[in-house]
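Have a look at the structure below before the remarks.
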Amino acid sequence: MRLDMADRQLIDRYQRDLPVSERPYEDMARALGLTEEEVIERLSALQEQQILSRVGPVFEHSQAGASLLAAVAAPDEQMDLVAARINRAPGVNHNYAREHTYNLWFVMTAPNGDILEERLDELEHHLKLPMLRLPMVEGYHIDLGFDIDWEALP
Amino acid sequence: MSTSTSRSDHQLCDRDRELILATQGGLPLVPDPWAELGHQLAMPADEVLARFQRMQETGIIRRVAAVPDHYKLGYRFNGMTVSDVRDEAITELGKKVGELPFVSHCYRRPRHLPYWSYNLFAMVHGTSRDEVENKAQQIRELLGASCSGHTILYSSAILKKTGLRLRK
(Lines give C-alpha, C1' and ligand atoms only; values in the text may rest on other atoms or scores of the structure.)
Protein backbone atom coordinates (compact mmCIF):
# COMPACT_ATOMS: atom_id res chain seq x y z
CA MET A 1 0.00 0.00 0.00
CA ARG A 2 1.77 3.15 -1.18
CA LEU A 3 0.57 6.36 0.40
CA ASP A 4 1.71 9.83 -0.52
CA MET A 5 3.56 12.07 1.90
CA ALA A 6 0.49 13.95 3.12
CA ASP A 7 -1.35 10.73 3.98
CA ARG A 8 1.72 9.42 5.80
CA GLN A 9 2.03 12.64 7.76
CA LEU A 10 -1.64 12.52 8.68
CA ILE A 11 -1.18 9.03 10.13
CA ASP A 12 2.20 9.70 11.76
CA ARG A 13 1.10 12.91 13.37
CA TYR A 14 -2.41 11.92 14.36
CA GLN A 15 -2.32 8.27 15.39
CA ARG A 16 -2.43 9.96 18.76
CA ASP A 17 -3.30 13.49 19.90
CA LEU A 18 -5.87 14.34 17.30
CA PRO A 19 -7.01 17.83 18.35
CA VAL A 20 -10.27 17.93 20.28
CA SER A 21 -11.05 21.51 19.33
CA GLU A 22 -13.97 23.31 17.77
CA ARG A 23 -12.63 22.69 14.26
CA PRO A 24 -10.27 19.70 14.57
CA TYR A 25 -9.73 19.17 10.85
CA GLU A 26 -8.96 22.84 10.30
CA ASP A 27 -6.34 22.70 13.07
CA MET A 28 -4.83 19.56 11.53
CA ALA A 29 -4.81 21.25 8.11
CA ARG A 30 -2.96 24.24 9.49
CA ALA A 31 -0.33 22.04 11.13
CA LEU A 32 0.28 20.09 7.91
CA GLY A 33 -0.03 22.92 5.38
CA LEU A 34 -3.20 21.52 3.82
CA THR A 35 -6.74 22.85 3.59
CA GLU A 36 -9.52 21.65 5.92
CA GLU A 37 -11.30 20.22 2.90
CA GLU A 38 -8.20 18.24 1.89
CA VAL A 39 -7.81 16.82 5.40
CA ILE A 40 -11.44 15.70 5.45
CA GLU A 41 -11.17 14.22 1.95
CA ARG A 42 -7.97 12.35 2.78
CA LEU A 43 -9.27 10.99 6.07
CA SER A 44 -12.51 9.90 4.39
CA ALA A 45 -10.58 8.16 1.60
CA LEU A 46 -8.22 6.41 4.03
CA GLN A 47 -11.22 5.26 6.07
CA GLU A 48 -12.99 4.11 2.92
CA GLN A 49 -9.95 2.02 1.96
CA GLN A 50 -9.87 0.71 5.54
CA ILE A 51 -6.29 1.92 6.00
CA LEU A 52 -7.73 3.82 8.93
CA SER A 53 -10.07 1.69 10.99
CA ARG A 54 -11.59 4.93 12.25
CA VAL A 55 -10.92 8.55 13.09
CA GLY A 56 -12.04 9.15 16.62
CA PRO A 57 -11.87 8.17 20.27
CA VAL A 58 -10.26 5.02 21.65
CA PHE A 59 -12.07 4.19 24.86
CA GLU A 60 -10.50 2.83 28.02
CA HIS A 61 -12.17 -0.51 28.67
CA SER A 62 -11.47 -0.43 32.39
CA GLN A 63 -13.29 2.90 32.66
CA ALA A 64 -16.27 2.00 30.50
CA GLY A 65 -16.46 -1.58 31.74
CA ALA A 66 -14.25 -4.61 32.30
CA SER A 67 -12.17 -6.69 29.89
CA LEU A 68 -9.81 -9.62 29.98
CA LEU A 69 -7.47 -11.48 27.64
CA ALA A 70 -8.11 -15.22 27.62
CA ALA A 71 -6.79 -18.20 25.68
CA VAL A 72 -7.80 -21.79 25.04
CA ALA A 73 -5.98 -24.75 23.52
CA ALA A 74 -8.45 -26.04 20.94
CA PRO A 75 -7.75 -29.44 19.33
CA ASP A 76 -6.81 -28.78 15.67
CA GLU A 77 -9.84 -30.55 14.24
CA GLN A 78 -12.19 -28.49 16.45
CA MET A 79 -10.51 -25.16 15.93
CA ASP A 80 -13.14 -23.64 13.60
CA LEU A 81 -15.99 -24.77 15.79
CA VAL A 82 -14.41 -23.46 18.97
CA ALA A 83 -13.50 -20.16 17.30
CA ALA A 84 -17.07 -19.70 16.07
CA ARG A 85 -18.44 -20.44 19.53
CA ILE A 86 -16.09 -17.85 21.05
CA ASN A 87 -17.06 -15.24 18.45
CA ARG A 88 -20.75 -15.77 19.26
CA ALA A 89 -20.26 -15.25 22.98
CA PRO A 90 -21.49 -11.86 24.21
CA GLY A 91 -18.70 -9.36 24.81
CA VAL A 92 -15.95 -10.91 22.67
CA ASN A 93 -14.34 -8.15 20.61
CA HIS A 94 -11.04 -9.68 19.47
CA ASN A 95 -10.21 -13.24 18.57
CA TYR A 96 -6.88 -14.26 17.04
CA ALA A 97 -5.63 -17.67 16.02
CA ARG A 98 -2.02 -18.03 17.10
CA GLU A 99 0.62 -20.66 16.46
CA HIS A 100 0.91 -22.27 19.89
CA THR A 101 -0.70 -25.00 22.00
CA TYR A 102 -2.90 -22.16 23.23
CA ASN A 103 -4.12 -21.40 19.75
CA LEU A 104 -7.13 -19.11 20.26
CA TRP A 105 -6.64 -15.76 22.00
CA PHE A 106 -9.58 -13.48 22.61
CA VAL A 107 -10.62 -10.42 24.59
CA MET A 108 -13.84 -10.65 26.57
CA THR A 109 -15.53 -7.41 27.64
CA ALA A 110 -18.48 -6.69 29.94
CA PRO A 111 -20.14 -3.72 31.65
CA ASN A 112 -18.53 -4.75 34.97
CA GLY A 113 -16.27 -7.34 36.58
CA ASP A 114 -19.08 -9.59 37.84
CA ILE A 115 -20.70 -9.92 34.44
CA LEU A 116 -17.26 -10.50 32.93
CA GLU A 117 -16.69 -13.47 35.26
CA GLU A 118 -20.13 -14.86 34.44
CA ARG A 119 -19.49 -14.58 30.72
CA LEU A 120 -16.11 -16.29 31.00
CA ASP A 121 -17.50 -19.07 33.22
CA GLU A 122 -20.36 -19.67 30.84
CA LEU A 123 -18.11 -19.76 27.79
CA GLU A 124 -15.63 -22.07 29.52
CA HIS A 125 -18.50 -24.37 30.45
CA HIS A 126 -19.77 -24.46 26.84
CA LEU A 127 -16.33 -25.00 25.32
CA LYS A 128 -15.41 -27.71 27.82
CA LEU A 129 -11.83 -26.45 27.55
CA PRO A 130 -9.79 -24.97 30.39
CA MET A 131 -9.39 -21.26 29.85
CA LEU A 132 -6.24 -19.28 30.55
CA ARG A 133 -7.37 -16.02 32.15
CA LEU A 134 -4.80 -13.25 31.80
CA PRO A 135 -5.94 -9.98 33.32
CA MET A 136 -3.61 -7.02 32.98
CA VAL A 137 -1.55 -6.66 36.16
CA GLU A 138 0.49 -3.67 35.00
CA GLY A 139 0.42 -1.72 31.72
CA TYR A 140 3.74 -0.43 30.39
CA HIS A 141 2.57 0.73 27.01
CA ILE A 142 -1.13 0.69 26.34
CA ASP A 143 -2.14 0.77 22.69
CA LEU A 144 -0.76 4.15 21.70
CA GLY A 145 0.22 2.95 18.26
CA PHE A 146 3.84 2.71 17.18
CA ASP A 147 6.08 4.50 14.72
CA ILE A 148 5.42 3.33 11.19
CA ASP A 149 8.47 2.59 9.09
CA TRP A 150 7.03 3.63 5.72
CA GLU A 151 10.10 2.66 3.70
CA ALA A 152 9.95 -0.89 4.97
CA LEU A 153 6.35 -1.42 3.89
CA PRO A 154 5.62 -3.40 0.74
CA MET B 1 -2.28 15.22 41.29
CA SER B 2 -5.66 13.78 42.15
CA THR B 3 -6.13 12.05 38.80
CA SER B 4 -6.85 8.68 40.33
CA THR B 5 -9.51 10.15 42.59
CA SER B 6 -11.27 12.02 39.83
CA ARG B 7 -11.11 8.92 37.66
CA SER B 8 -12.79 6.66 40.15
CA ASP B 9 -15.31 9.34 41.09
CA HIS B 10 -16.41 9.86 37.56
CA GLN B 11 -19.63 8.12 36.70
CA LEU B 12 -20.82 7.73 33.16
CA CYS B 13 -24.18 9.39 32.83
CA ASP B 14 -26.70 8.51 30.12
CA ARG B 15 -25.73 11.49 27.98
CA ASP B 16 -22.09 10.37 28.04
CA ARG B 17 -23.11 6.84 27.12
CA GLU B 18 -25.12 8.19 24.17
CA LEU B 19 -22.06 10.12 23.07
CA ILE B 20 -19.86 7.00 23.36
CA LEU B 21 -22.36 5.04 21.27
CA ALA B 22 -22.40 7.80 18.65
CA THR B 23 -18.61 8.12 18.40
CA GLN B 24 -17.20 4.63 18.98
CA GLY B 25 -17.27 3.99 15.24
CA GLY B 26 -15.51 7.32 14.60
CA LEU B 27 -16.14 11.06 14.52
CA PRO B 28 -18.13 12.60 11.65
CA LEU B 29 -15.72 13.77 8.95
CA VAL B 30 -17.28 17.19 8.47
CA PRO B 31 -15.91 20.63 9.36
CA ASP B 32 -17.91 20.83 12.61
CA PRO B 33 -18.21 17.25 13.90
CA TRP B 34 -19.64 18.42 17.25
CA ALA B 35 -22.57 20.16 15.60
CA GLU B 36 -23.21 17.04 13.51
CA LEU B 37 -23.17 14.85 16.66
CA GLY B 38 -25.33 17.41 18.45
CA HIS B 39 -27.85 17.13 15.68
CA GLN B 40 -27.94 13.33 16.03
CA LEU B 41 -28.15 13.44 19.83
CA ALA B 42 -30.39 16.50 20.23
CA MET B 43 -27.62 18.16 22.26
CA PRO B 44 -26.04 21.59 21.73
CA ALA B 45 -22.68 21.37 19.92
CA ASP B 46 -20.78 23.00 22.79
CA GLU B 47 -22.21 20.45 25.23
CA VAL B 48 -21.05 17.62 22.95
CA LEU B 49 -17.53 19.04 22.83
CA ALA B 50 -17.46 19.73 26.58
CA ARG B 51 -18.61 16.17 27.41
CA PHE B 52 -16.07 14.72 25.00
CA GLN B 53 -13.25 16.77 26.56
CA ARG B 54 -14.39 15.77 30.05
CA MET B 55 -14.23 12.06 29.10
CA GLN B 56 -10.71 12.67 27.82
CA GLU B 57 -9.67 14.31 31.10
CA THR B 58 -11.12 11.50 33.20
CA GLY B 59 -9.43 8.85 31.07
CA ILE B 60 -12.57 7.20 29.66
CA ILE B 61 -11.22 8.28 26.29
CA ARG B 62 -7.65 6.98 26.19
CA ARG B 63 -6.68 8.71 22.99
CA VAL B 64 -8.26 10.44 20.02
CA ALA B 65 -6.68 9.31 16.83
CA ALA B 66 -6.61 8.45 13.18
CA VAL B 67 -6.36 4.74 14.02
CA PRO B 68 -4.41 2.85 11.33
CA ASP B 69 -5.16 -0.76 10.45
CA HIS B 70 -1.60 -2.10 10.59
CA TYR B 71 -2.47 -5.21 8.66
CA LYS B 72 -3.87 -3.14 5.77
CA LEU B 73 -0.78 -0.93 5.83
CA GLY B 74 1.37 -3.97 5.16
CA TYR B 75 2.29 -5.22 8.59
CA ARG B 76 1.16 -8.74 7.79
CA PHE B 77 3.03 -10.37 10.65
CA ASN B 78 1.92 -9.86 14.19
CA GLY B 79 3.91 -11.50 16.94
CA MET B 80 2.85 -11.60 20.56
CA THR B 81 6.18 -11.98 22.35
CA VAL B 82 5.89 -13.51 25.80
CA SER B 83 8.65 -13.71 28.39
CA ASP B 84 9.16 -15.19 31.82
CA VAL B 85 10.72 -12.29 33.73
CA ARG B 86 11.81 -12.27 37.37
CA ASP B 87 9.09 -10.63 39.48
CA GLU B 88 11.56 -8.24 41.13
CA ALA B 89 12.73 -6.92 37.76
CA ILE B 90 9.54 -6.89 35.72
CA THR B 91 8.27 -3.36 36.42
CA GLU B 92 11.53 -1.72 35.43
CA LEU B 93 12.09 -3.96 32.41
CA GLY B 94 8.45 -3.78 31.32
CA LYS B 95 8.72 0.01 31.08
CA LYS B 96 11.88 -0.29 28.96
CA VAL B 97 10.27 -2.81 26.61
CA GLY B 98 7.18 -0.57 26.37
CA GLU B 99 9.42 2.29 25.24
CA LEU B 100 10.83 0.38 22.25
CA PRO B 101 9.53 2.20 19.15
CA PHE B 102 8.14 -0.96 17.54
CA VAL B 103 6.16 -2.24 20.54
CA SER B 104 2.45 -1.38 20.32
CA HIS B 105 1.31 -2.89 23.64
CA CYS B 106 3.25 -4.10 26.65
CA TYR B 107 1.62 -5.60 29.73
CA ARG B 108 2.34 -7.70 32.77
CA ARG B 109 -0.08 -10.61 33.18
CA PRO B 110 -0.22 -13.45 35.72
CA ARG B 111 1.51 -16.79 35.23
CA HIS B 112 -0.58 -19.96 35.39
CA LEU B 113 1.91 -22.63 36.40
CA PRO B 114 2.47 -25.26 35.24
CA TYR B 115 0.58 -24.42 32.03
CA TRP B 116 1.77 -20.92 31.40
CA SER B 117 5.00 -19.45 32.75
CA TYR B 118 5.14 -16.12 30.86
CA ASN B 119 4.34 -12.86 32.63
CA LEU B 120 5.47 -10.13 30.21
CA PHE B 121 3.58 -9.60 26.95
CA ALA B 122 4.80 -7.26 24.19
CA MET B 123 3.13 -6.95 20.80
CA VAL B 124 5.38 -6.56 17.77
CA HIS B 125 4.41 -5.96 14.14
CA GLY B 126 6.43 -6.60 11.00
CA THR B 127 6.26 -7.00 7.25
CA SER B 128 7.95 -10.39 7.46
CA ARG B 129 8.61 -13.10 10.01
CA ASP B 130 12.29 -12.17 9.97
CA GLU B 131 11.45 -8.63 10.96
CA VAL B 132 9.30 -9.79 13.90
CA GLU B 133 12.03 -12.26 14.87
CA ASN B 134 14.62 -9.51 14.82
CA LYS B 135 12.52 -7.20 16.98
CA ALA B 136 11.75 -10.02 19.42
CA GLN B 137 15.49 -10.63 19.68
CA GLN B 138 15.98 -7.01 20.70
CA ILE B 139 13.42 -7.51 23.48
CA ARG B 140 15.19 -10.67 24.59
CA GLU B 141 18.54 -8.85 24.73
CA LEU B 142 17.04 -6.01 26.74
CA LEU B 143 15.62 -8.47 29.28
CA GLY B 144 18.98 -10.21 29.60
CA ALA B 145 19.53 -12.55 32.54
CA SER B 146 16.22 -11.58 34.17
CA CYS B 147 14.41 -13.56 31.48
CA SER B 148 14.30 -17.33 31.81
CA GLY B 149 11.96 -18.13 28.96
CA HIS B 150 10.75 -16.38 25.82
CA THR B 151 8.70 -17.24 22.76
CA ILE B 152 6.72 -15.60 19.96
CA LEU B 153 3.10 -16.44 19.24
CA TYR B 154 2.48 -15.46 15.62
CA SER B 155 -1.08 -14.76 14.62
CA SER B 156 -2.26 -17.07 11.86
CA ALA B 157 -5.73 -15.54 11.44
CA ILE B 158 -7.74 -12.61 12.70
CA LEU B 159 -11.07 -14.22 13.53
CA LYS B 160 -12.68 -11.15 15.03
CA LYS B 161 -11.59 -7.57 15.59
CA THR B 162 -13.79 -4.71 16.68
CA GLY B 163 -13.21 -1.73 18.92
CA LEU B 164 -14.98 -1.38 22.21
CA ARG B 165 -18.67 -1.71 21.58
CA LEU B 166 -20.88 -0.38 24.27
CA ARG B 167 -24.28 -2.03 24.31
CA LYS B 168 -27.41 -0.55 25.71
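Ordering of the C-alpha coordinates sets the chain letters (A, B, ...); residue numbers start at 1 within each chain; ligands are numbered from 1 in the order shown.
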For segment 104-121 of chain A: contacts at 6 Å, only C-alpha atoms, fewer than 3 positions along chain excluded, given as number ranges by chain: A: 65-72, 91-97, 124
Strand (DSSP E) positions in segment 10-112 of chain B, given as a ChimeraX atom specification: /B:61-68,77-85,103-108
Test item: chain B residues at most 6 Å from chain A, counting only C-alpha atoms, as a PyMOL selection string: chain B and resi 26-27+29+32+60-69+72-74+94-95+98+102+104-109+153-162
Every residue of chain A that DSSP places in alpha helix (DSSP H), as JSON, numbers by chain: {"A": [5, 6, 7, 8, 9, 10, 11, 12, 13, 14, 24, 25, 26, 27, 28, 29, 30, 31, 32, 36, 37, 38, 39, 40, 41, 42, 43, 44, 45, 46, 47, 48, 61, 62, 63, 64, 79, 80, 81, 82, 83, 84, 85, 86, 87, 88, 113, 114, 115, 116, 117, 118, 119, 120, 121, 122, 123, 124, 125, 126, 127]}
Distance query Asp14 of chain B at most 12 Å, only C-alpha atoms, self and fewer than 5 positions along chain excluded, as a PyMOL selection string: chain B and resi 19-21+41+51+168
Separation of atom CA of Asn78 of chain B from atom CA of Val124 of chain B in Å: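 Here the two named atoms are 6.0 Å from each other.
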